[in-house]
Amino acid sequence: MLLLSKRDRKPDGDLPVASDRQTVRPPAISGVEQTVSSDAKAQARIQPSTAPLNGQASASTTVSGIPRLTDLEEAKLEKMRAAQWETRDVLSGVMKRFSAPIRYAFAYGSGVYKQAGYGEASKPMVDLIFAVSHPDHWHALNISQNRSHYSFMGTLGSNAVAFVQDRLGAGVYYNPFIEIDGVLVKYGVVSIDTLSSDLLNWDTLYLAGRMHKPTLTLRRDPLMRITKQVNLTHAVRAALLMLPKNFSNEELFRAIASLSFAGDFRMKIGGENPQKVHNIVEAQMPLFKSRYGSIIEGLPNLEYIGQDLLQQDMSPQARAAMVRKMPNNFYDHLVKQGRKSGIRLPPGLGAEAVNTERLVAVDNISGLTTKAVESIVARPALTQSIKGILSSGLSKSIAYMYSKNSKYRSAADEQK
């Protein structure tokens, strides 16, 4: 039985969500009854909302279901998927160079999916994530096979590496600038329990945020199929709190893509391209539409009113219900930000209904949402970067920071 929700499912096929203010445990594999499909064809088609918006009935014309991609977008998506197969073949060969067991793996970032601002000759480092069952055992095997991948930490042994991985930052241990079969990669190792919990509960949003953007699955796992979809649904709901009544696809996807960068200190010190979010969404729009289409169709408070225009139900009841379906950690940070801004929010589980209605009623709910996400992201992002000096070594850390700063300066020059 999938241990995801105590909340009632919506009759129109709303996706399962985290239980009321309880930390979600990663779902069990066997006996899964509430499987979340990435291709939710069986979900009901969205019907026009009859709920009053801002005190008035909506006069918009609702499009039934998800608008089809344009011919240009279809062609672009087909080209992207063909490139995915080629990239998957190459990276599958890279993974075969690891004897230690990998339970789930994916690739992400500009080394996998083209971003605006990169020339054809530019070949960024490929980012990989390996989710494993037992990090200490995995590192023991990998140090024995690939000692050169590790900094001085490899000399201290697998227990020391696993300790640094689990206790510092976001629970990921990266080995960057590793060339395997002619491919330059940075691979991160994470416990599959840590990854699952971040996807469901937004503990750090470090990997959950990266998985809001298009990723390339290299090794599948039934557990991840479910938790990934829950994470994407959380992302849409958070973005809706940051958006007005009517908005475009691009505005929605930019809000989603921005979540993992909110609070990341690198965005403030020249450690990341300031146009990163724009570049990702502009170049990967068909992938975003494909990734989020079924989720948008399944949410009862969201509907298309044009080819690329959406409308959300702005009634306090609908938005408060949406907040109550968000992860416990997000709710706690949102309440904390609300109290800082002067909103009277009583403590306790019994106050959740009152608190959510008061929060969504304020004009600055978008700003409070942004600050709540920033407060989740900031500390893990900082400590994970500091941990990079230990896991990568000083020389590789400097090289990595230099490459990131070069992208920042290039983007700044283009804006002049």
# chains A, B, ... in the order shown; residues from 1 in each chain; ligands from 1
$ residues_around --residues "Lys289 (chain A)" --least-positions-apart "6" --cutoff "9 Å" --atoms "only C-alpha atoms" --output "list of chain:residue names"
A:Leu69, A:Asn249, A:Phe253
$ write_last_selection --atoms "N, CA, C and O atoms" --output "short mmCIF file (atom, residue, chain, number, x, y, z; two decimals), in the first residue's frame"
data_model
loop_
_atom_site.label_atom_id
_atom_site.label_comp_id
_atom_site.auth_asym_id
_atom_site.auth_seq_id
_atom_site.Cartn_x
_atom_site.Cartn_y
_atom_site.Cartn_z
N LEU A 69 0.50 20.36 -29.10
CA LEU A 69 1.69 21.11 -29.47
C LEU A 69 1.54 21.60 -30.91
O LEU A 69 0.90 20.95 -31.74
N ASN A 249 1.99 29.47 -20.37
CA ASN A 249 2.82 28.29 -20.12
C ASN A 249 4.23 28.68 -19.71
O ASN A 249 4.79 28.12 -18.77
N PHE A 253 6.23 27.62 -16.28
CA PHE A 253 7.44 26.80 -16.29
C PHE A 253 8.65 27.58 -15.76
O PHE A 253 9.54 26.99 -15.14
#
$ select_by_dssp --residues "region 161-384 of chain A" --states "strand (DSSP E)" --output "ChimeraX atom specification"
/A:172-180,183-191,216-219,246-248,302-304,309-312
$ closest_residue --among "A:Gly109, A:Pro274, A:Pro327, A:Gly350" --to "Ala238 (chain A)" --atoms "only C-alpha atoms"
A:Pro327
$ closest_residue --among "A:Ala131, A:Ile389, A:Val190, A:Leu382" --to "Asp264 (chain A)" --atoms "only C-alpha atoms"
A:Leu382
$ residues_around --residues "Ile178 (chain A)" --least-positions-apart "4" --cutoff "9 Å" --atoms "only C-alpha atoms" --output "ChimeraX atom specification"
/A:148-149,183-187
$ closest_atom_pairs --of "region 198-256 of chain A" --to "region 99-103 of chain A" --cutoff "12 Å" --atoms "only C-alpha atoms" --output "Markdown table"
| residue | atom | partner | partner_atom | distance |
| --- | --- | --- | --- | --- |
| A:Thr217 | CA | A:Arg103 | CA | 11.7 |
| A:Leu218 | CA | A:Arg103 | CA | 10.2 |
| A:Arg219 | CA | A:Arg103 | CA | 7.1 |
| A:Arg220 | CA | A:Arg103 | CA | 7.6 |
| A:Asp221 | CA | A:Arg103 | CA | 6.8 |
| A:Pro222 | CA | A:Arg103 | CA | 10.2 |
| A:Leu223 | CA | A:Arg103 | CA | 10.3 |
| A:Met224 | CA | A:Arg103 | CA | 10.1 |
$ closest_residue --among "A:Asn328, A:Ser315, A:Asn159, A:Asn201" --to "Leu232 (chain A)" --atoms "only C-alpha atoms"
A:Asn201
$ residues_around --residues "Ser290 (chain A)" --least-positions-apart "4" --cutoff "12 Å" --atoms "only C-alpha atoms" --output "PDB file with C-alpha atoms, in the first residue's frame"
ATOM      1  CA  SER A  38       3.310   9.895 -15.903  1.00  0.00           C
ATOM      2  CA  ASP A  39       0.811   9.409 -18.718  1.00  0.00           C
ATOM      3  CA  ALA A  40      -2.488  10.143 -16.977  1.00  0.00           C
ATOM      4  CA  ILE A  66      -4.434  19.920 -22.984  1.00  0.00           C
ATOM      5  CA  PRO A  67      -3.894  21.965 -26.178  1.00  0.00           C
ATOM      6  CA  ARG A  68      -1.849  20.072 -28.747  1.00  0.00           C
ATOM      7  CA  LEU A  69       1.687  21.108 -29.471  1.00  0.00           C
ATOM      8  CA  GLU A  73       6.951  22.201 -31.199  1.00  0.00           C
ATOM      9  CA  GLU A  74       6.187  18.629 -32.306  1.00  0.00           C
ATOM     10  CA  LYS A  76      11.393  20.134 -31.942  1.00  0.00           C
ATOM     11  CA  LEU A  77      10.221  17.571 -29.380  1.00  0.00           C
ATOM     12  CA  GLU A  78      10.851  14.725 -31.826  1.00  0.00           C
ATOM     13  CA  MET A  80      14.967  16.298 -28.642  1.00  0.00           C
ATOM     14  CA  ARG A  81      13.786  12.743 -28.037  1.00  0.00           C
ATOM     15  CA  LYS A 213      13.408  20.407 -14.830  1.00  0.00           C
ATOM     16  CA  PRO A 214      13.698  17.803 -17.613  1.00  0.00           C
ATOM     17  CA  ASN A 249       2.816  28.289 -20.121  1.00  0.00           C
ATOM     18  CA  PHE A 253       7.437  26.803 -16.290  1.00  0.00           C
ATOM     19  CA  GLN A 284      13.269  23.123 -23.422  1.00  0.00           C
ATOM     20  CA  MET A 285       9.654  24.341 -23.716  1.00  0.00           C
ATOM     21  CA  PRO A 286       8.352  21.207 -25.536  1.00  0.00           C
ATOM     22  CA  SER A 294      -0.934  15.321 -17.453  1.00  0.00           C
ATOM     23  CA  ILE A 295      -0.378  17.032 -14.088  1.00  0.00           C
ATOM     24  CA  ILE A 296      -1.958  20.261 -15.313  1.00  0.00           C
ATOM     25  CA  GLU A 297      -4.874  18.285 -16.710  1.00  0.00           C
TER      26      GLU A 297
END
$ closest_residue --among "A:Ile343, A:Leu241, A:Leu216, A:Ala378" --to "Pro316 (chain A)" --atoms "only C-alpha atoms"
A:Leu241
$ closest_residue --among "A:Tyr174, A:Tyr292, A:Phe163, A:Phe261" --to "Asn231 (chain A)" --atoms "only C-alpha atoms"
A:Tyr292
$ select_by_dssp --residues "region 76-105 of chain A" --states "alpha helix (DSSP H)" --output "ChimeraX atom specification"
/A:76-95
$ atom_distance --atom1 "CA of Val189 (chain A)" --atom2 "CA of Ile226 (chain A)"
20.5 Å
